[in-house]
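Structure, as structure tokens:
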Amino acid sequence: MADEREPTVIVDDAHITYRVQQSGSASSPLAGFKRIVTGAKPTILREVHAIKGVSFVAYKGEAIGLIGTNGSGKSTLLRAIAGLLPVEKGAIFASGQPSLLGVNAALMNDLPGERNVVLGCLAMGMSPAEVKPMVKEIIDFSGINERGDFSSLPMRTYSSGMAARLRFAISAAKKHDVLLIDEALATGDAKFRKRSEQRVRDLRAEAGTVFLVSHSEQSIRDTCERSVWLESGLIRADGPTDEVMKEYEAFVKK
Ligand SMILES: Nc1ncnc2c1ncn2[C@@H]1O[C@H](COP(=O)(O)OP(=O)(O)OP(=O)(O)O)[C@@H](O)[C@H]1O
């Protein structure tokens with residue numbers, strides 16, 4: 001029978017390699033300047049083959065958990081799906097513009113939270129008319145005003161958790177075709193985590209595809225019905241979260 005589900009992300013034998021230059025004298029500004037003047041090629045000392053031939057297809061309406069031990073390649077794969085890293089070999093196709101949920105989004109530290117909400121929304125391509133009615137909702141969602149009127153204070157006065165929550169709230173305000181979340185749900189307290197997990201489920205219900213990288217087994221179980229387990233840049237298992245999680249747990253307990 002033909003598969004009638006609509007693919008949103010196709011990863012086809014993707015390989016991703018980081019090239020790391022020597023630290024110390026060879027990476028100094030003076031050495032860089034000398035290379036520019038002399039036209040010498042920089043010496044690449046190490047290559048890190050982070051993703052070693054990964055293939056899978058993600059479909060509309062799916063929430064997929066990416067699990068694996070530290071350094072297994074989860075964030076690298078997510079960044080490549082977002083188009084932030086090139087593939088060395090193979091290909092990644094995605095519908096729309098996948099958005100890497102901006103827990104790391106650069107917000108302006110000297111501007112108040114509410115101005116950052118406006119800027120962040122405009123930067124995601126929303127129109128000023130769309131942004132205006134959203135501001136209060138985003139600030140309420142982030143919970144930064146739970147202990148006073150913080151939204152009118154500069155971001156530099158926020159705790160790191162508050163800043164991360166605001167970033168999550170801004171990114172999650174927009175409907176995304178493909179939403180990539182890297183540990184975002186780990187920020188904030190239990191109450192905020194519950195709200196953000198609900199938001200992930202809503203985004204999914206709006207027919208997008210959600211990828212979630214997390215070390216929290218509970219977050220993955222609560223949000224994703226499918227999981228992909230990466231280990232040393234290769235897929236070890238891909239299937240229903242329950243089954244994949246069982247295999248993964250047996251592996252980490254060894
Ligand atoms: N900017 C970089 N330059 C060079 N190597 C990198 C870079 N980022 C990651 N790596 C390497 O790529 C491999 C995969 O890293 P990645 O961050 O994707 O793993 P991860 O599964 O997300 O890990 P964690 O669970 O610790 O967040 C690791 O060997 C890491 O050392």
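By convention here, the chains of the structure tokens are called A, B, ... in the order presented, each chain's residues are numbered starting at 1, and ligands are numbered starting at 1 in the order presented.
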
Taking the backbone alone, and naming residues the way the document does, which bits of segment 77-177 of chain A are strand (DSSP E or B) by DSSP, as a tab-separated table (two decimals) with C-alpha atoms, in the first residue's frame?
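The file below, out10.tsv, is the result:
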```
chain	number	residue	atom	x	y	z
A	89	LYS	CA	28.06	13.97	1.63
A	90	GLY	CA	24.43	12.93	1.14
A	91	ALA	CA	21.55	15.38	1.40
A	92	ILE	CA	18.93	16.85	3.67
A	93	PHE	CA	15.62	18.04	2.22
A	94	ALA	CA	13.11	19.96	4.33
A	99	SER	CA	13.35	26.74	12.72
A	100	LEU	CA	15.82	25.84	15.40
A	112	PRO	CA	13.56	45.40	27.97
A	154	PRO	CA	16.46	45.26	30.51
```

For chain A versus ligand 1, which residues have an atom no more than 12 Å away, and what is each residue's nearest atom pair and distance in Å rounded to one decimal, using only C-alpha atoms and all ligand atoms, chain-then-number order, as a tab-separated table?
```
residue	atom	partner	partner_atom_place_in_ligand_line	distance
A:His15	CA	ligand 1	12 (O)	11.6
A:Ile16	CA	ligand 1	12 (O)	8.8
A:Thr17	CA	ligand 1	12 (O)	7.9
A:Tyr18	CA	ligand 1	4 (C)	4.8
A:Arg19	CA	ligand 1	4 (C)	6.3
A:Val20	CA	ligand 1	4 (C)	5.6
A:Gln21	CA	ligand 1	4 (C)	9.0
A:Gln22	CA	ligand 1	4 (C)	11.2
A:Ile44	CA	ligand 1	4 (C)	11.8
A:Leu45	CA	ligand 1	4 (C)	11.4
A:Arg46	CA	ligand 1	4 (C)	8.7
A:Glu47	CA	ligand 1	4 (C)	7.7
A:Val48	CA	ligand 1	5 (N)	5.6
A:His49	CA	ligand 1	12 (O)	7.0
A:Ala50	CA	ligand 1	13 (C)	4.4
A:Ile51	CA	ligand 1	14 (C)	7.4
A:Lys52	CA	ligand 1	13 (C)	10.5
A:Leu66	CA	ligand 1	21 (O)	8.7
A:Ile67	CA	ligand 1	21 (O)	7.6
A:Gly68	CA	ligand 1	21 (O)	6.0
A:Thr69	CA	ligand 1	25 (O)	5.6
A:Asn70	CA	ligand 1	26 (O)	3.4
A:Gly71	CA	ligand 1	19 (O)	3.3
A:Ser72	CA	ligand 1	21 (O)	3.8
A:Gly73	CA	ligand 1	18 (O)	3.2
A:Lys74	CA	ligand 1	21 (O)	3.9
A:Ser75	CA	ligand 1	22 (O)	3.7
A:Thr76	CA	ligand 1	18 (O)	3.7
A:Leu77	CA	ligand 1	18 (O)	6.4
A:Leu78	CA	ligand 1	18 (O)	8.0
A:Arg79	CA	ligand 1	18 (O)	8.4
A:Ala80	CA	ligand 1	18 (O)	9.8
A:Leu84	CA	ligand 1	1 (N)	11.5
A:Leu85	CA	ligand 1	1 (N)	9.9
A:Ile181	CA	ligand 1	22 (O)	11.6
A:Asp182	CA	ligand 1	22 (O)	8.3
A:Glu183	CA	ligand 1	27 (O)	8.4
A:Ala184	CA	ligand 1	27 (O)	11.8
A:Leu212	CA	ligand 1	22 (O)	11.2
A:Val213	CA	ligand 1	22 (O)	7.7
A:Ser214	CA	ligand 1	25 (O)	7.8
A:His215	CA	ligand 1	25 (O)	7.1
A:Ser216	CA	ligand 1	25 (O)	10.8
A:Val228	CA	ligand 1	21 (O)	11.8
A:Trp229	CA	ligand 1	21 (O)	9.8
A:Leu230	CA	ligand 1	21 (O)	7.5
A:Glu231	CA	ligand 1	21 (O)	7.9
A:Ser232	CA	ligand 1	14 (C)	7.6
A:Gly233	CA	ligand 1	14 (C)	7.1
A:Leu234	CA	ligand 1	14 (C)	10.7
A:Ile235	CA	ligand 1	21 (O)	11.7
```

Please dump the current selection as a compact mmCIF listing (two decimals), in the first residue's frame; keep N, CA and C atoms.
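Final file, selection-v4.txt:
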```
# COMPACT_ATOMS: atom_id res chain seq x y z
N HIS A 15 26.37 13.01 5.89
CA HIS A 15 27.65 12.99 6.60
C HIS A 15 28.00 14.43 6.95
N ILE A 16 28.40 14.66 8.19
CA ILE A 16 28.79 16.02 8.59
C ILE A 16 30.13 15.95 9.31
N THR A 17 31.04 16.79 8.84
CA THR A 17 32.39 16.79 9.42
C THR A 17 32.75 18.19 9.89
N TYR A 18 33.23 18.29 11.10
CA TYR A 18 33.76 19.57 11.59
C TYR A 18 35.26 19.58 11.31
N ARG A 19 35.76 20.73 10.92
CA ARG A 19 37.22 20.86 10.75
C ARG A 19 37.72 21.79 11.84
N VAL A 20 38.59 21.27 12.63
CA VAL A 20 39.05 22.04 13.78
C VAL A 20 40.49 22.45 13.58
N GLN A 21 40.72 23.75 13.72
CA GLN A 21 42.08 24.24 13.56
C GLN A 21 42.81 24.19 14.88
N GLN A 22 44.10 24.09 14.77
CA GLN A 22 44.93 24.03 15.98
C GLN A 22 44.71 25.27 16.83
N ILE A 44 44.76 22.36 8.61
CA ILE A 44 43.66 21.73 9.33
C ILE A 44 44.23 20.53 10.05
N LEU A 45 44.12 20.57 11.33
CA LEU A 45 44.79 19.52 12.08
C LEU A 45 43.88 18.35 12.41
N ARG A 46 42.60 18.68 12.65
CA ARG A 46 41.72 17.58 13.05
C ARG A 46 40.39 17.66 12.36
N GLU A 47 39.86 16.52 12.00
CA GLU A 47 38.52 16.47 11.45
C GLU A 47 37.67 15.65 12.41
N VAL A 48 36.49 16.15 12.71
CA VAL A 48 35.58 15.38 13.56
C VAL A 48 34.39 14.97 12.68
N HIS A 49 34.32 13.67 12.40
CA HIS A 49 33.25 13.15 11.57
C HIS A 49 32.04 12.91 12.49
N ALA A 50 31.21 13.94 12.65
CA ALA A 50 30.18 13.89 13.70
C ALA A 50 28.96 13.08 13.28
N ILE A 51 28.58 13.15 12.00
CA ILE A 51 27.44 12.37 11.50
C ILE A 51 27.96 11.51 10.35
N LYS A 52 27.72 10.18 10.46
CA LYS A 52 28.44 9.26 9.56
C LYS A 52 27.52 8.46 8.65
N LEU A 66 15.11 12.95 19.63
CA LEU A 66 16.48 12.53 19.26
C LEU A 66 17.21 12.24 20.55
N ILE A 67 17.62 10.99 20.73
CA ILE A 67 18.32 10.64 21.97
C ILE A 67 19.70 10.06 21.65
N GLY A 68 20.52 9.97 22.66
CA GLY A 68 21.87 9.45 22.47
C GLY A 68 22.78 10.03 23.53
N THR A 69 23.90 9.37 23.76
CA THR A 69 24.82 9.83 24.80
C THR A 69 25.50 11.13 24.38
N ASN A 70 26.20 11.78 25.31
CA ASN A 70 26.90 13.04 25.01
C ASN A 70 27.82 12.87 23.82
N GLY A 71 27.74 13.83 22.91
CA GLY A 71 28.64 13.81 21.76
C GLY A 71 28.24 12.85 20.66
N SER A 72 27.01 12.31 20.73
CA SER A 72 26.60 11.32 19.72
C SER A 72 26.18 11.96 18.41
N GLY A 73 25.96 13.29 18.41
CA GLY A 73 25.67 13.98 17.15
C GLY A 73 24.28 14.59 17.06
N LYS A 74 23.53 14.61 18.16
CA LYS A 74 22.14 15.09 18.13
C LYS A 74 22.05 16.56 17.73
N SER A 75 22.81 17.42 18.41
CA SER A 75 22.74 18.85 18.10
C SER A 75 23.25 19.12 16.69
N THR A 76 24.29 18.38 16.29
CA THR A 76 24.84 18.56 14.95
C THR A 76 23.77 18.26 13.89
N LEU A 77 23.05 17.16 14.09
CA LEU A 77 22.02 16.78 13.13
C LEU A 77 20.92 17.84 13.08
N LEU A 78 20.55 18.34 14.25
CA LEU A 78 19.51 19.36 14.32
C LEU A 78 19.93 20.63 13.59
N ARG A 79 21.20 21.02 13.81
CA ARG A 79 21.68 22.23 13.15
C ARG A 79 21.76 22.05 11.64
N ALA A 80 22.05 20.82 11.21
CA ALA A 80 22.10 20.57 9.77
C ALA A 80 20.70 20.61 9.16
N LEU A 84 21.96 25.17 9.15
CA LEU A 84 23.05 25.96 9.72
C LEU A 84 24.42 25.30 9.53
N LEU A 85 24.40 24.02 9.15
CA LEU A 85 25.66 23.31 8.90
C LEU A 85 25.53 22.59 7.56
N ILE A 181 13.87 21.59 18.42
CA ILE A 181 14.06 22.07 19.80
C ILE A 181 15.23 21.34 20.44
N ASP A 182 16.23 22.11 20.87
CA ASP A 182 17.41 21.50 21.48
C ASP A 182 17.41 21.76 22.97
N GLU A 183 16.97 20.80 23.73
CA GLU A 183 17.01 20.87 25.20
C GLU A 183 16.22 22.04 25.77
N ALA A 184 15.41 22.70 24.95
CA ALA A 184 14.75 23.91 25.42
C ALA A 184 13.86 23.64 26.62
N LEU A 212 12.79 16.95 18.90
CA LEU A 212 13.16 17.36 20.26
C LEU A 212 14.41 16.62 20.70
N VAL A 213 15.47 17.38 20.97
CA VAL A 213 16.68 16.77 21.54
C VAL A 213 16.61 16.98 23.04
N SER A 214 16.69 15.90 23.78
CA SER A 214 16.63 16.08 25.22
C SER A 214 17.27 14.90 25.93
N HIS A 215 17.87 15.20 27.09
CA HIS A 215 18.38 14.13 27.94
C HIS A 215 17.31 13.73 28.95
N SER A 216 16.17 14.46 28.92
CA SER A 216 15.11 14.11 29.85
C SER A 216 14.19 13.06 29.22
N VAL A 228 14.50 8.64 17.55
CA VAL A 228 15.67 8.19 16.79
C VAL A 228 16.83 8.22 17.78
N TRP A 229 17.52 7.09 17.89
CA TRP A 229 18.65 7.01 18.80
C TRP A 229 19.95 7.08 17.99
N LEU A 230 20.73 8.12 18.28
CA LEU A 230 22.02 8.31 17.59
C LEU A 230 23.14 7.89 18.52
N GLU A 231 24.13 7.21 17.98
CA GLU A 231 25.30 6.86 18.79
C GLU A 231 26.52 6.97 17.89
N SER A 232 27.50 7.75 18.29
CA SER A 232 28.71 7.97 17.49
C SER A 232 28.38 8.33 16.04
N GLY A 233 27.39 9.17 15.85
CA GLY A 233 27.09 9.66 14.51
C GLY A 233 26.30 8.71 13.63
N LEU A 234 25.83 7.60 14.21
CA LEU A 234 25.05 6.63 13.43
C LEU A 234 23.72 6.35 14.13
N ILE A 235 22.71 5.99 13.35
CA ILE A 235 21.42 5.64 13.96
C ILE A 235 21.49 4.22 14.51
```

query = Near Gln218 of chain A, within 12 Å and counting only C-alpha atoms, which residues show up once chain neighbours fewer than 4 positions away are dropped, as a list in words?
reply = Gly65, Ile67, Leu185, Ala186, Ala190, Arg193, Lys194, Glu197, Leu212, Ser214, Asp222, Thr223, Cys224, Thr241, Asp242 and Met245 of chain A

task = Pick out the residues sitting within 9 Å of segment 143-148 of chain A, and hand them over as a VMD selection string; count only C-alpha atoms, and ignore anything fewer than 5 positions along from it in its own chain.
result = chain A and resid 113 138 158 162 to 163 165 to 166 192

Excluding same-chain residues fewer than 3 positions from Glu62 of chain A, what lies within 10 Å of it counting only C-alpha atoms, as a short mmCIF file (atom, residue, chain, number, x, y, z; two decimals) with C-alpha atoms, in the first residue's frame?
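Just written: around-v8.cif:
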```cif
data_model
loop_
_atom_site.label_atom_id
_atom_site.label_comp_id
_atom_site.auth_asym_id
_atom_site.auth_seq_id
_atom_site.Cartn_x
_atom_site.Cartn_y
_atom_site.Cartn_z
CA PRO A 7 7.23 13.89 4.27
CA THR A 8 8.57 17.12 5.80
CA ALA A 58 10.00 12.59 9.05
CA TYR A 59 6.34 13.15 8.32
CA GLY A 65 12.73 12.59 19.95
CA VAL A 178 9.44 22.05 11.06
CA ARG A 201 1.90 19.36 21.41
CA ARG A 204 2.36 19.50 16.36
CA ALA A 205 -1.40 19.59 16.20
CA ALA A 207 0.30 19.87 11.45
CA GLY A 208 4.00 20.66 11.68
CA THR A 209 6.82 18.29 12.54
CA VAL A 210 8.68 18.68 15.81
CA PHE A 211 12.16 17.35 16.63
CA THR A 223 5.99 14.62 23.75
CA CYS A 224 7.26 12.18 21.13
CA GLU A 225 5.72 8.96 19.90
CA ARG A 226 8.73 8.25 17.70
#
```

query = What residues in segment 24-103 of chain A get the DSSP label helix (DSSP H, G or I)? Please answer as JSON, numbers by chain.
reply = {"A": [25, 26, 27, 29, 30, 31, 32, 33, 34, 35, 36, 37, 38, 74, 75, 76, 77, 78, 79, 80, 81]}

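The coordinates place atom CA of Ser142 of chain A at 10.6 Å from atom CA of Lys191 of chain A.
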